[in-house]
Each structure stands twice: as C-alpha cells, then as structure tokens.
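Student: One structure follows; several queries about it will come next.
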Amino acid sequence: MHFTFIAPRKYLQGRNVLREAGAHISKVGKKPLVLWDARVKGLLGESVLGSLKAAALEAADVEFRGDSTKAEVARVAQIARDQGADVIVGFGGGKTLDTAKAAAAAAGTKMVSCPTVASTDSPTSSFTVWYDEKGVCQGFESWGVNPDLVLVDSQVIAEAPVRAFVAGMGDALSTWVEAEVVHSTRGQNLVGGRATLVAMAIARLGYETLMKYGLEAKRAVEQKVVTHAVESVIEANTLMSGLGFESCGVATAHMIANCLPGFPECKGLMHGEEVSFGIISQFCLDENMATDEMLKMVDWMIAVGLPVTFAELGLSGVTRDRLQKIGDVCAGPGSLCHAHPFKVTSEMVVDAMIAADALGRERKALKRQP
C-alpha cells in the first residue's frame, strides 16, 4: 500500500476575501455556475455577483434546494451543461459544497469551494456525503480530485451562527482521534493509501490548535469579530481537518455520527454535534485511549458547548433496543468501526454509547460544582 496525500490546488483564507472572488475565480474558469441557497445569496449576492461581473465572468445563478441528493446533483449538473459552465462555485455549508463537487464531477467542470460557515471539513475534500430526500445519510463518495480553489472569508464565518462554528470544532476534534486509530493498524485512509507523516502532523496540529484557541475563538465569534484565535480555529476546522480526515482516515466517531440522523429526535443536530458524541463513544470503545487525555477533551467539549450526553442529542431515556440499530450498522460490513485493531461488535458499540452518556453526565456535574 502506498503512502498517499491529497489536497486542493489552492487554499486562500482571510478577512473579506470573497470581495475579491471574481479575480480569484477568473484564474480557474470563465463561465461559472454559482450554487447557493436563498439565505446565502441574500447575504453575499450583491458583492459576489458584482465581483464576478467586474472580472468579466459570465455567471449562471442557481438556487440550492437543501440536500446533497443524487437528484439535486443531476439537476445542477444538467444546468451547468446547458449553460456551458466551465466551473461550478459552491457558496454555503457542507451540503451545498458537496453538491457542487458532485455536480462538477458529473458535468466535467472545475470546482471552487466557498464555505460561509466553518461547521465541517467538506470545503477542501474530494468527497460528497449523500443524503436521501428525508435527510438520512446514505454514505459518501470521492470524485478523485479536490477543489481547484478554496476561498474562506474569515469575516463571513465570524458573522455566521456561533453554533455552526462550535459544531465545526467538534468535527475537527475527531480528525486526530480517528487518525490515531487508523494509523495504529496501518490501515487505509479515505483515498486507498496509508497516511503520510505530513498528514498525521496536520491532524495532530488541528487538535492542538483547538485545545489552545477554541474557547477564545468562540468568545470572539460571539462578538462577530475576527482575531488570531478565530483565524486559527477556522483553519483547524476547514483546512487541517479536511486534509487530515481524508489523508489519515476515519473511524467510530464518524460512523456513529452518520447513524444518528436516522433517529427523528436528532434531525435538528449539526454534523459536528453528532460527531462530538461519536468521539466520546469511541473513547469508551478504544482501550488504547489514555484516560487523562480523554477527560481533557471531554471537559473541553463541555466548555465550548458541544453535546456530550443523550439528553443533549434529544435522546433522553433512549433504550438499549433502539441503540442496537446503531450498533448493528457499526458492526456490519464496510463499517468505519473496523479501523480499530480489535473486532467491533454491535454490543460493544451500544455499551460504548451508554458509557459515553454516563461519562458526559458525570463531567458536566463536576463542572457545576462550586
């Protein structure tokens, strides 16, 4: 198995970078198709479309319909073909960007990723996470190439909902935790190779950055301001996590997170919030996790406001029988849980989730004590 590392061709992050979108996108293509939802267009439309026009780009404007389904990808790809677009530019969150990536692959165009929240590590990756029309995760797929350009406007992200920023920290925290599992078995990363030293170093740096700047960055985005801490966490959430998960691999934290949307009570959760509970469950499953480091991370998650209990997921009083559905998927063929250096069974996963809830409740209670 070869050592493999993949990344976008160019990554650009900074305050007000989207005001210069036209100048940067013009180096990728001349006829962009812009994909965004009505809310994002309302916030950025005038500035972005003006920038594209100033760069003499002929832009097609398409509204995203809300989920990265195969039907939505086919629709956007066909519009791109009809319009003669040579690049698809996604503005928004992970589902918009994932749809833009898949549509670009289907239409044979280049792709530019413009995240407006730092809530996931989708912007830099080659992957699309698929959902059905009911919003249930159906798996993920790589297009073999990463975006040609990633534009990350720090001011736009600082003005986005704080909850999204925190959820991004939950998703990013899992990168090193899961990378260590895959590396321990010399397992495959998500592109069919082994993690390079660079990829492992990036994953670890993401974890260290979150521990150092996470709380400070959250305070700053609550005031909608951009500081060094905010820039650092945006990079951890977006670039470090994106490069790390794809070139290192993922494990139980993401497998459990991908199962949670199947519960009606979890429909309102963000991906990083689901991952955060998956991280603690993985801690309780993996005998190699050092207790002091585990408690440090759980306490940090509580401090920044990530869910660590069933109650915070909307699953207060959930029965073992219901959790067994997750356990069965996690123990089934093709599961990410098989990255561990031991056989993972359905009962082990359910036990780990119940233990994770108990740990979360205990650490939250300790925080409340005078």
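Chain labels A, B, ... are given in the sequence in which chains occur in the structure tokens; within each chain residues are numbered consecutively from 1, and ligands are likewise numbered from 1 in the order shown.
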Do you know which residues are at most 12 Å from Ile256 of chain A counting only C-alpha atoms, after dropping those on the same chain fewer than 2 positions away, and could you put them as number ranges by chain?
Tutor: A: 137, 174, 250-254, 258-263, 271-282, 285, 323-331, 335-337, 346, 349-350, 352-353
Student: Which residues, written as a PDB file with N, CA and C atoms, in the first residue's frame, have at least one atom at most 8 Å from Cys248 of chain A, with only C-alpha atoms counted and residues fewer than 2 positions away on the same chain left out?
Tutor:
```pdb
ATOM      1  N   ALA A 179      -7.618   9.529  13.309  1.00  0.00           N
ATOM      2  CA  ALA A 179      -6.369   9.262  12.581  1.00  0.00           C
ATOM      3  C   ALA A 179      -5.468   8.316  13.378  1.00  0.00           C
ATOM      4  N   VAL A 182      -6.664   4.651  12.923  1.00  0.00           N
ATOM      5  CA  VAL A 182      -6.315   4.076  11.625  1.00  0.00           C
ATOM      6  C   VAL A 182      -4.812   3.828  11.527  1.00  0.00           C
ATOM      7  N   HIS A 183      -4.034   4.778  12.035  1.00  0.00           N
ATOM      8  CA  HIS A 183      -2.582   4.647  11.970  1.00  0.00           C
ATOM      9  C   HIS A 183      -2.089   3.469  12.804  1.00  0.00           C
ATOM     10  N   GLN A 188      -6.018   1.842   5.865  1.00  0.00           N
ATOM     11  CA  GLN A 188      -6.162   2.730   4.718  1.00  0.00           C
ATOM     12  C   GLN A 188      -6.802   4.049   5.102  1.00  0.00           C
ATOM     13  N   ASN A 189      -6.334   5.122   4.462  1.00  0.00           N
ATOM     14  CA  ASN A 189      -7.046   6.389   4.564  1.00  0.00           C
ATOM     15  C   ASN A 189      -8.200   6.375   3.564  1.00  0.00           C
ATOM     16  N   LEU A 190      -8.862   7.492   3.360  1.00  0.00           N
ATOM     17  CA  LEU A 190     -10.060   7.504   2.530  1.00  0.00           C
ATOM     18  C   LEU A 190      -9.768   7.523   1.039  1.00  0.00           C
ATOM     19  N   ARG A 194      -1.904   4.757   2.693  1.00  0.00           N
ATOM     20  CA  ARG A 194      -1.557   4.952   4.091  1.00  0.00           C
ATOM     21  C   ARG A 194      -1.245   6.414   4.353  1.00  0.00           C
ATOM     22  N   ALA A 195      -1.471   6.831   5.577  1.00  0.00           N
ATOM     23  CA  ALA A 195      -1.233   8.223   5.939  1.00  0.00           C
ATOM     24  C   ALA A 195       0.251   8.562   5.886  1.00  0.00           C
ATOM     25  N   THR A 196       0.567   9.708   5.310  1.00  0.00           N
ATOM     26  CA  THR A 196       1.939  10.213   5.321  1.00  0.00           C
ATOM     27  C   THR A 196       2.231  10.844   6.679  1.00  0.00           C
ATOM     28  N   ALA A 199       0.438  14.170   6.830  1.00  0.00           N
ATOM     29  CA  ALA A 199      -0.983  14.094   7.158  1.00  0.00           C
ATOM     30  C   ALA A 199      -1.196  13.905   8.657  1.00  0.00           C
ATOM     31  N   MET A 200      -0.413  13.032   9.280  1.00  0.00           N
ATOM     32  CA  MET A 200      -0.544  12.801  10.715  1.00  0.00           C
ATOM     33  C   MET A 200      -0.168  14.050  11.505  1.00  0.00           C
ATOM     34  N   ALA A 203      -3.088  16.469  11.310  1.00  0.00           N
ATOM     35  CA  ALA A 203      -4.179  16.041  12.190  1.00  0.00           C
ATOM     36  C   ALA A 203      -3.878  16.404  13.644  1.00  0.00           C
ATOM     37  N   GLY A 244      -6.654  16.315   7.044  1.00  0.00           N
ATOM     38  CA  GLY A 244      -6.398  15.237   7.986  1.00  0.00           C
ATOM     39  C   GLY A 244      -7.346  14.064   7.840  1.00  0.00           C
ATOM     40  N   PHE A 245      -8.659  14.329   7.764  1.00  0.00           N
ATOM     41  CA  PHE A 245      -9.592  13.197   7.718  1.00  0.00           C
ATOM     42  C   PHE A 245      -9.437  12.417   6.420  1.00  0.00           C
ATOM     43  N   GLU A 246      -9.177  13.128   5.318  1.00  0.00           N
ATOM     44  CA  GLU A 246      -9.134  12.463   4.029  1.00  0.00           C
ATOM     45  C   GLU A 246      -7.846  11.665   3.842  1.00  0.00           C
ATOM     46  N   VAL A 250     -10.863   7.741   8.911  1.00  0.00           N
ATOM     47  CA  VAL A 250     -11.843   7.971   9.972  1.00  0.00           C
ATOM     48  C   VAL A 250     -12.255   6.638  10.594  1.00  0.00           C
TER      49      VAL A 250
END
```
Student: Would you list, as an mmCIF file with N, CA and C atoms, in the first residue's frame, the residues of segment 103-308 of chain A that end up in alpha helix (DSSP H) under DSSP run on this structure's backbone?
Tutor:
```cif
data_model
loop_
_atom_site.group_PDB
_atom_site.id
_atom_site.type_symbol
_atom_site.label_atom_id
_atom_site.label_comp_id
_atom_site.auth_asym_id
_atom_site.auth_seq_id
_atom_site.Cartn_x
_atom_site.Cartn_y
_atom_site.Cartn_z
ATOM 1 N N ALA A 103 -21.678 17.706 -8.718
ATOM 2 C CA ALA A 103 -22.172 18.232 -9.989
ATOM 3 C C ALA A 103 -21.015 18.568 -10.927
ATOM 4 N N ALA A 104 -19.931 19.096 -10.386
ATOM 5 C CA ALA A 104 -18.752 19.410 -11.201
ATOM 6 C C ALA A 104 -18.165 18.135 -11.793
ATOM 7 N N ALA A 105 -18.132 17.066 -10.992
ATOM 8 C CA ALA A 105 -17.625 15.796 -11.498
ATOM 9 C C ALA A 105 -18.522 15.257 -12.608
ATOM 10 N N ALA A 106 -19.834 15.371 -12.421
ATOM 11 C CA ALA A 106 -20.782 14.860 -13.415
ATOM 12 C C ALA A 106 -20.744 15.670 -14.710
ATOM 13 N N ALA A 107 -20.564 16.987 -14.585
ATOM 14 C CA ALA A 107 -20.588 17.863 -15.753
ATOM 15 C C ALA A 107 -19.212 18.031 -16.396
ATOM 16 N N SER A 154 -12.959 34.971 6.370
ATOM 17 C CA SER A 154 -12.997 34.899 7.839
ATOM 18 C C SER A 154 -14.083 35.785 8.433
ATOM 19 N N GLN A 155 -14.338 36.953 7.815
ATOM 20 C CA GLN A 155 -15.363 37.843 8.348
ATOM 21 C C GLN A 155 -16.752 37.239 8.173
ATOM 22 N N VAL A 156 -16.992 36.630 7.032
ATOM 23 C CA VAL A 156 -18.282 35.972 6.795
ATOM 24 C C VAL A 156 -18.499 34.864 7.824
ATOM 25 N N ILE A 157 -17.471 34.090 8.094
ATOM 26 C CA ILE A 157 -17.600 32.986 9.048
ATOM 27 C C ILE A 157 -17.782 33.502 10.468
ATOM 28 N N ALA A 158 -17.108 34.591 10.814
ATOM 29 C CA ALA A 158 -17.258 35.173 12.158
ATOM 30 C C ALA A 158 -18.668 35.704 12.379
ATOM 31 N N VAL A 162 -22.888 31.134 15.829
ATOM 32 C CA VAL A 162 -21.835 30.591 16.692
ATOM 33 C C VAL A 162 -21.966 29.068 16.790
ATOM 34 N N ARG A 163 -23.187 28.597 16.797
ATOM 35 C CA ARG A 163 -23.411 27.151 16.893
ATOM 36 C C ARG A 163 -22.702 26.405 15.760
ATOM 37 N N ALA A 164 -22.726 26.970 14.564
ATOM 38 C CA ALA A 164 -22.067 26.322 13.424
ATOM 39 C C ALA A 164 -20.555 26.284 13.626
ATOM 40 N N PHE A 165 -20.002 27.353 14.156
ATOM 41 C CA PHE A 165 -18.563 27.432 14.414
ATOM 42 C C PHE A 165 -18.151 26.374 15.438
ATOM 43 N N VAL A 166 -18.953 26.231 16.487
ATOM 44 C CA VAL A 166 -18.674 25.235 17.533
ATOM 45 C C VAL A 166 -18.821 23.824 16.984
ATOM 46 N N ALA A 167 -19.856 23.601 16.162
ATOM 47 C CA ALA A 167 -20.030 22.279 15.556
ATOM 48 C C ALA A 167 -18.820 21.912 14.706
ATOM 49 N N GLY A 168 -18.263 22.905 14.021
ATOM 50 C CA GLY A 168 -17.060 22.662 13.233
ATOM 51 C C GLY A 168 -15.895 22.214 14.094
ATOM 52 N N MET A 169 -15.817 22.744 15.309
ATOM 53 C CA MET A 169 -14.759 22.305 16.212
ATOM 54 C C MET A 169 -14.963 20.850 16.620
ATOM 55 N N GLY A 170 -16.229 20.441 16.770
ATOM 56 C CA GLY A 170 -16.498 19.041 17.094
ATOM 57 C C GLY A 170 -16.061 18.116 15.975
ATOM 58 N N ASP A 171 -16.381 18.499 14.745
ATOM 59 C CA ASP A 171 -15.964 17.699 13.589
ATOM 60 C C ASP A 171 -14.443 17.649 13.488
ATOM 61 N N ALA A 172 -13.808 18.802 13.700
ATOM 62 C CA ALA A 172 -12.344 18.878 13.582
ATOM 63 C C ALA A 172 -11.640 18.100 14.694
ATOM 64 N N LEU A 173 -12.221 18.094 15.893
ATOM 65 C CA LEU A 173 -11.590 17.382 17.004
ATOM 66 C C LEU A 173 -11.458 15.894 16.705
ATOM 67 N N SER A 174 -12.400 15.371 15.950
ATOM 68 C CA SER A 174 -12.367 13.936 15.659
ATOM 69 C C SER A 174 -11.207 13.555 14.742
ATOM 70 N N THR A 175 -10.656 14.515 14.006
ATOM 71 C CA THR A 175 -9.675 14.190 12.967
ATOM 72 C C THR A 175 -8.473 13.454 13.533
ATOM 73 N N TRP A 176 -7.846 14.014 14.565
ATOM 74 C CA TRP A 176 -6.670 13.366 15.141
ATOM 75 C C TRP A 176 -7.063 12.098 15.897
ATOM 76 N N VAL A 177 -8.199 12.143 16.614
ATOM 77 C CA VAL A 177 -8.652 10.991 17.390
ATOM 78 C C VAL A 177 -8.840 9.776 16.481
ATOM 79 N N GLU A 178 -9.452 9.982 15.338
ATOM 80 C CA GLU A 178 -9.692 8.881 14.412
ATOM 81 C C GLU A 178 -8.428 8.518 13.633
ATOM 82 N N ALA A 179 -7.618 9.529 13.309
ATOM 83 C CA ALA A 179 -6.369 9.262 12.581
ATOM 84 C C ALA A 179 -5.468 8.316 13.378
ATOM 85 N N GLU A 180 -5.419 8.510 14.685
ATOM 86 C CA GLU A 180 -4.583 7.661 15.522
ATOM 87 C C GLU A 180 -5.035 6.204 15.474
ATOM 88 N N VAL A 181 -6.349 5.989 15.415
ATOM 89 C CA VAL A 181 -6.876 4.630 15.336
ATOM 90 C C VAL A 181 -6.443 3.960 14.043
ATOM 91 N N VAL A 182 -6.664 4.651 12.923
ATOM 92 C CA VAL A 182 -6.315 4.076 11.625
ATOM 93 C C VAL A 182 -4.812 3.828 11.527
ATOM 94 N N HIS A 183 -4.034 4.778 12.035
ATOM 95 C CA HIS A 183 -2.582 4.647 11.970
ATOM 96 C C HIS A 183 -2.089 3.469 12.804
ATOM 97 N N SER A 184 -2.783 3.172 13.900
ATOM 98 C CA SER A 184 -2.339 2.095 14.791
ATOM 99 C C SER A 184 -2.403 0.730 14.120
ATOM 100 N N LEU A 197 3.503 11.074 6.952
ATOM 101 C CA LEU A 197 3.883 11.784 8.173
ATOM 102 C C LEU A 197 3.287 13.182 8.189
ATOM 103 N N VAL A 198 3.244 13.815 7.014
ATOM 104 C CA VAL A 198 2.661 15.160 6.916
ATOM 105 C C VAL A 198 1.198 15.145 7.320
ATOM 106 N N ALA A 199 0.438 14.170 6.830
ATOM 107 C CA ALA A 199 -0.983 14.094 7.158
ATOM 108 C C ALA A 199 -1.196 13.905 8.657
ATOM 109 N N MET A 200 -0.413 13.032 9.280
ATOM 110 C CA MET A 200 -0.544 12.801 10.715
ATOM 111 C C MET A 200 -0.168 14.050 11.505
ATOM 112 N N ALA A 201 0.839 14.765 11.035
ATOM 113 C CA ALA A 201 1.255 16.002 11.721
ATOM 114 C C ALA A 201 0.165 17.055 11.625
ATOM 115 N N ILE A 202 -0.490 17.141 10.472
ATOM 116 C CA ILE A 202 -1.588 18.105 10.304
ATOM 117 C C ILE A 202 -2.751 17.759 11.225
ATOM 118 N N ALA A 203 -3.088 16.469 11.310
ATOM 119 C CA ALA A 203 -4.179 16.041 12.190
ATOM 120 C C ALA A 203 -3.878 16.404 13.644
ATOM 121 N N ARG A 204 -2.658 16.162 14.077
ATOM 122 C CA ARG A 204 -2.272 16.489 15.449
ATOM 123 C C ARG A 204 -2.283 17.989 15.679
ATOM 124 N N LEU A 205 -1.796 18.761 14.691
ATOM 125 C CA LEU A 205 -1.789 20.220 14.827
ATOM 126 C C LEU A 205 -3.207 20.769 14.945
ATOM 127 N N GLY A 206 -4.152 20.161 14.229
ATOM 128 C CA GLY A 206 -5.544 20.588 14.351
ATOM 129 C C GLY A 206 -6.052 20.425 15.768
ATOM 130 N N TYR A 207 -5.758 19.275 16.371
ATOM 131 C CA TYR A 207 -6.148 19.029 17.766
ATOM 132 C C TYR A 207 -5.509 20.061 18.696
ATOM 133 N N GLU A 208 -4.223 20.298 18.561
ATOM 134 C CA GLU A 208 -3.513 21.251 19.422
ATOM 135 C C GLU A 208 -4.051 22.668 19.250
ATOM 136 N N THR A 209 -4.398 23.020 18.030
ATOM 137 C CA THR A 209 -4.948 24.355 17.753
ATOM 138 C C THR A 209 -6.294 24.543 18.436
ATOM 139 N N LEU A 210 -7.144 23.529 18.387
ATOM 140 C CA LEU A 210 -8.443 23.610 19.045
ATOM 141 C C LEU A 210 -8.295 23.734 20.552
ATOM 142 N N MET A 211 -7.419 22.942 21.132
ATOM 143 C CA MET A 211 -7.211 23.000 22.577
ATOM 144 C C MET A 211 -6.695 24.379 23.010
ATOM 145 N N LYS A 212 -5.849 24.982 22.186
ATOM 146 C CA LYS A 212 -5.230 26.260 22.538
ATOM 147 C C LYS A 212 -6.161 27.444 22.303
ATOM 148 N N TYR A 213 -6.877 27.428 21.183
ATOM 149 C CA TYR A 213 -7.613 28.631 20.773
ATOM 150 C C TYR A 213 -9.133 28.479 20.769
ATOM 151 N N GLY A 214 -9.667 27.272 21.000
ATOM 152 C CA GLY A 214 -11.093 27.045 20.836
ATOM 153 C C GLY A 214 -11.988 27.955 21.648
ATOM 154 N N LEU A 215 -11.755 28.023 22.951
ATOM 155 C CA LEU A 215 -12.604 28.855 23.813
ATOM 156 C C LEU A 215 -12.477 30.332 23.469
ATOM 157 N N GLU A 216 -11.255 30.779 23.246
ATOM 158 C CA GLU A 216 -11.022 32.182 22.904
ATOM 159 C C GLU A 216 -11.696 32.532 21.582
ATOM 160 N N ALA A 217 -11.613 31.629 20.610
ATOM 161 C CA ALA A 217 -12.229 31.877 19.308
ATOM 162 C C ALA A 217 -13.747 31.932 19.421
ATOM 163 N N LYS A 218 -14.329 31.064 20.249
ATOM 164 C CA LYS A 218 -15.779 31.100 20.426
ATOM 165 C C LYS A 218 -16.222 32.444 21.004
ATOM 166 N N ARG A 219 -15.491 32.950 22.000
ATOM 167 C CA ARG A 219 -15.839 34.256 22.569
ATOM 168 C C ARG A 219 -15.791 35.346 21.516
ATOM 169 N N ALA A 220 -14.823 35.277 20.627
ATOM 170 C CA ALA A 220 -14.677 36.303 19.596
ATOM 171 C C ALA A 220 -15.822 36.246 18.582
ATOM 172 N N VAL A 221 -16.186 35.037 18.121
ATOM 173 C CA VAL A 221 -17.262 34.967 17.127
ATOM 174 C C VAL A 221 -18.613 35.291 17.752
ATOM 175 N N GLU A 222 -18.732 35.160 19.068
ATOM 176 C CA GLU A 222 -19.957 35.625 19.731
ATOM 177 C C GLU A 222 -20.108 37.124 19.574
ATOM 178 N N HIS A 228 -6.833 36.528 15.901
ATOM 179 C CA HIS A 228 -5.884 35.465 15.578
ATOM 180 C C HIS A 228 -6.446 34.105 15.977
ATOM 181 N N ALA A 229 -7.124 34.053 17.111
ATOM 182 C CA ALA A 229 -7.720 32.793 17.558
ATOM 183 C C ALA A 229 -8.778 32.312 16.574
ATOM 184 N N VAL A 230 -9.604 33.230 16.085
ATOM 185 C CA VAL A 230 -10.646 32.874 15.120
ATOM 186 C C VAL A 230 -10.025 32.349 13.828
ATOM 187 N N GLU A 231 -9.030 33.064 13.316
ATOM 188 C CA GLU A 231 -8.358 32.610 12.087
ATOM 189 C C GLU A 231 -7.761 31.215 12.294
ATOM 190 N N SER A 232 -7.185 30.984 13.467
ATOM 191 C CA SER A 232 -6.549 29.698 13.747
ATOM 192 C C SER A 232 -7.565 28.564 13.772
ATOM 193 N N VAL A 233 -8.715 28.799 14.413
ATOM 194 C CA VAL A 233 -9.730 27.754 14.508
ATOM 195 C C VAL A 233 -10.424 27.544 13.164
ATOM 196 N N ILE A 234 -10.635 28.608 12.398
ATOM 197 C CA ILE A 234 -11.170 28.428 11.043
ATOM 198 C C ILE A 234 -10.254 27.506 10.250
ATOM 199 N N GLU A 235 -8.961 27.725 10.350
ATOM 200 C CA GLU A 235 -8.004 26.881 9.626
ATOM 201 C C GLU A 235 -8.050 25.440 10.147
ATOM 202 N N SER A 241 -8.523 19.911 9.340
ATOM 203 C CA SER A 241 -9.443 18.794 9.461
ATOM 204 C C SER A 241 -9.727 18.170 8.097
ATOM 205 N N GLY A 242 -9.888 19.008 7.081
ATOM 206 C CA GLY A 242 -10.156 18.495 5.744
ATOM 207 C C GLY A 242 -9.027 17.643 5.209
ATOM 208 N N LEU A 243 -7.807 18.144 5.317
ATOM 209 C CA LEU A 243 -6.658 17.372 4.864
ATOM 210 C C LEU A 243 -6.454 16.146 5.738
ATOM 211 N N GLY A 244 -6.654 16.315 7.044
ATOM 212 C CA GLY A 244 -6.398 15.237 7.986
ATOM 213 C C GLY A 244 -7.346 14.064 7.840
ATOM 214 N N PHE A 245 -8.659 14.329 7.764
ATOM 215 C CA PHE A 245 -9.592 13.197 7.718
ATOM 216 C C PHE A 245 -9.437 12.417 6.420
ATOM 217 N N GLU A 246 -9.177 13.128 5.318
ATOM 218 C CA GLU A 246 -9.134 12.463 4.029
ATOM 219 C C GLU A 246 -7.846 11.665 3.842
ATOM 220 N N SER A 247 -6.745 12.230 4.299
ATOM 221 C CA SER A 247 -5.446 11.580 4.076
ATOM 222 C C SER A 247 -4.998 10.721 5.254
ATOM 223 N N CYS A 248 -5.769 10.733 6.366
ATOM 224 C CA CYS A 248 -5.455 9.859 7.511
ATOM 225 C C CYS A 248 -6.480 8.746 7.696
ATOM 226 N N THR A 252 -14.757 5.175 14.378
ATOM 227 C CA THR A 252 -16.051 5.039 15.046
ATOM 228 C C THR A 252 -16.770 6.365 15.256
ATOM 229 N N ALA A 253 -16.063 7.426 15.567
ATOM 230 C CA ALA A 253 -16.718 8.709 15.834
ATOM 231 C C ALA A 253 -17.615 9.116 14.676
ATOM 232 N N HIS A 254 -17.115 8.982 13.459
ATOM 233 C CA HIS A 254 -17.924 9.350 12.300
ATOM 234 C C HIS A 254 -18.977 8.295 11.970
ATOM 235 N N MET A 255 -18.685 7.037 12.260
ATOM 236 C CA MET A 255 -19.679 6.008 11.973
ATOM 237 C C MET A 255 -20.924 6.213 12.824
ATOM 238 N N ILE A 256 -20.736 6.478 14.097
ATOM 239 C CA ILE A 256 -21.884 6.736 14.977
ATOM 240 C C ILE A 256 -22.585 8.018 14.561
ATOM 241 N N ALA A 257 -21.814 9.043 14.243
ATOM 242 C CA ALA A 257 -22.406 10.320 13.819
ATOM 243 C C ALA A 257 -23.274 10.144 12.580
ATOM 244 N N ASN A 258 -22.832 9.319 11.652
ATOM 245 C CA ASN A 258 -23.593 9.114 10.416
ATOM 246 C C ASN A 258 -24.885 8.336 10.651
ATOM 247 N N CYS A 259 -24.946 7.600 11.764
ATOM 248 C CA CYS A 259 -26.157 6.840 12.096
ATOM 249 C C CYS A 259 -27.204 7.685 12.825
ATOM 250 N N HIS A 271 -23.820 18.244 11.933
ATOM 251 C CA HIS A 271 -22.912 17.103 11.792
ATOM 252 C C HIS A 271 -21.854 17.067 12.891
ATOM 253 N N GLY A 272 -21.229 18.199 13.178
ATOM 254 C CA GLY A 272 -20.177 18.225 14.189
ATOM 255 C C GLY A 272 -20.682 17.934 15.582
ATOM 256 N N GLU A 273 -21.960 18.232 15.845
ATOM 257 C CA GLU A 273 -22.557 17.891 17.135
ATOM 258 C C GLU A 273 -22.744 16.379 17.252
ATOM 259 N N GLU A 274 -23.148 15.759 16.160
ATOM 260 C CA GLU A 274 -23.259 14.299 16.151
ATOM 261 C C GLU A 274 -21.882 13.648 16.324
ATOM 262 N N VAL A 275 -20.888 14.216 15.642
ATOM 263 C CA VAL A 275 -19.528 13.673 15.729
ATOM 264 C C VAL A 275 -18.997 13.780 17.150
ATOM 265 N N SER A 276 -19.334 14.861 17.841
ATOM 266 C CA SER A 276 -18.791 15.062 19.186
ATOM 267 C C SER A 276 -19.207 13.930 20.118
ATOM 268 N N PHE A 277 -20.458 13.488 20.026
ATOM 269 C CA PHE A 277 -20.866 12.352 20.852
ATOM 270 C C PHE A 277 -20.208 11.070 20.349
ATOM 271 N N GLY A 278 -19.988 10.994 19.042
ATOM 272 C CA GLY A 278 -19.272 9.855 18.491
ATOM 273 C C GLY A 278 -17.851 9.759 19.004
ATOM 274 N N ILE A 279 -17.221 10.911 19.226
ATOM 275 C CA ILE A 279 -15.854 10.920 19.762
ATOM 276 C C ILE A 279 -15.820 10.287 21.142
ATOM 277 N N ILE A 280 -16.736 10.703 22.013
ATOM 278 C CA ILE A 280 -16.742 10.168 23.379
ATOM 279 C C ILE A 280 -17.075 8.676 23.360
ATOM 280 N N SER A 281 -17.962 8.284 22.470
ATOM 281 C CA SER A 281 -18.279 6.855 22.339
ATOM 282 C C SER A 281 -17.041 6.084 21.902
ATOM 283 N N GLN A 282 -16.285 6.659 20.978
ATOM 284 C CA GLN A 282 -15.047 5.995 20.544
ATOM 285 C C GLN A 282 -14.048 5.903 21.687
ATOM 286 N N PHE A 283 -13.966 6.948 22.523
ATOM 287 C CA PHE A 283 -13.105 6.896 23.708
ATOM 288 C C PHE A 283 -13.447 5.681 24.563
ATOM 289 N N CYS A 284 -14.755 5.477 24.762
ATOM 290 C CA CYS A 284 -15.210 4.399 25.644
ATOM 291 C C CYS A 284 -15.076 3.029 24.997
ATOM 292 N N LEU A 285 -14.930 2.989 23.692
ATOM 293 C CA LEU A 285 -14.751 1.735 22.969
ATOM 294 C C LEU A 285 -13.286 1.319 22.903
ATOM 295 N N THR A 291 -6.627 7.861 29.663
ATOM 296 C CA THR A 291 -7.720 8.444 30.432
ATOM 297 C C THR A 291 -7.565 9.946 30.618
ATOM 298 N N ASP A 292 -6.354 10.420 30.932
ATOM 299 C CA ASP A 292 -6.177 11.849 31.181
ATOM 300 C C ASP A 292 -6.451 12.671 29.927
ATOM 301 N N GLU A 293 -6.028 12.168 28.770
ATOM 302 C CA GLU A 293 -6.284 12.905 27.525
ATOM 303 C C GLU A 293 -7.769 12.852 27.179
ATOM 304 N N MET A 294 -8.410 11.735 27.449
ATOM 305 C CA MET A 294 -9.841 11.609 27.208
ATOM 306 C C MET A 294 -10.621 12.627 28.036
ATOM 307 N N LEU A 295 -10.316 12.706 29.321
ATOM 308 C CA LEU A 295 -11.040 13.642 30.183
ATOM 309 C C LEU A 295 -10.766 15.088 29.795
ATOM 310 N N LYS A 296 -9.547 15.378 29.381
ATOM 311 C CA LYS A 296 -9.207 16.721 28.916
ATOM 312 C C LYS A 296 -10.086 17.120 27.740
ATOM 313 N N MET A 297 -10.267 16.213 26.791
ATOM 314 C CA MET A 297 -11.064 16.529 25.606
ATOM 315 C C MET A 297 -12.550 16.634 25.939
ATOM 316 N N VAL A 298 -13.051 15.743 26.808
ATOM 317 C CA VAL A 298 -14.467 15.815 27.176
ATOM 318 C C VAL A 298 -14.754 17.132 27.897
ATOM 319 N N ASP A 299 -13.890 17.531 28.804
ATOM 320 C CA ASP A 299 -14.085 18.796 29.519
ATOM 321 C C ASP A 299 -14.024 19.981 28.563
ATOM 322 N N TRP A 300 -13.150 19.916 27.573
ATOM 323 C CA TRP A 300 -13.067 20.984 26.563
ATOM 324 C C TRP A 300 -14.353 21.045 25.750
ATOM 325 N N MET A 301 -14.885 19.895 25.374
ATOM 326 C CA MET A 301 -16.132 19.854 24.616
ATOM 327 C C MET A 301 -17.274 20.474 25.407
ATOM 328 N N ILE A 302 -17.325 20.183 26.692
ATOM 329 C CA ILE A 302 -18.354 20.782 27.550
ATOM 330 C C ILE A 302 -18.170 22.289 27.611
ATOM 331 N N ALA A 303 -16.935 22.737 27.734
ATOM 332 C CA ALA A 303 -16.645 24.169 27.856
ATOM 333 C C ALA A 303 -17.058 24.948 26.611
ATOM 334 N N VAL A 304 -16.857 24.371 25.417
ATOM 335 C CA VAL A 304 -17.216 25.109 24.202
ATOM 336 C C VAL A 304 -18.678 24.924 23.829
#
```
Student: Could you please determine the separation between atom CA of Leu149 of chain A and atom CA of Gly135 of chain A in Å, to one decimal place?
Tutor: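 Atom CA of Gly135 of chain A lies at a distance of 28.0 Å from atom CA of Leu149 of chain A.
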Student: From the set A:Trp130, A:Phe140, A:Phe342, A:Trp36, which residue has the shortest atom-to-atom contact distance to Gly93 of chain A, counting only C-alpha atoms?
Tutor: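 Closest to Gly93 of chain A of all the choices is A:Trp36.
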Student: Between atom CA of Tyr11 of chain A and atom CA of Asp67 of chain A, what is the distance in Å, rounded to a tenth?
Tutor: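 Taking atom CA of Tyr11 of chain A as the start and atom CA of Asp67 of chain A as the end point, the length is 25.1 Å.
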Student: A:Asp82, A:Glu141, A:Asp37, A:Asp321: which is nearest Val62 of chain A, counting only C-alpha atoms?
Tutor: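 Closest to Val62 of chain A, using only C-alpha atoms: A:Asp37.
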Student: For Arg19 of chain A, please output as a count of residues only all residues within 12 Å (counting only C-alpha atoms; exclusion window: fewer than 5 positions along the same chain).
Tutor: 22
Student: Could you work out how far atom CA of Glu347 of chain A lies from atom CA of Glu287 of chain A, giving the answer in Å with one decimal?
Tutor: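 So the answer is 15.6 Å.
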Student: Find the residues around Thr309 of chain A up to 10 Å (only C-alpha atoms counted), leave out those fewer than 5 positions away in its own chain, and share them as a PyMOL selection string.
Tutor: chain A and resi 276-277+280+314-316+353-362+364
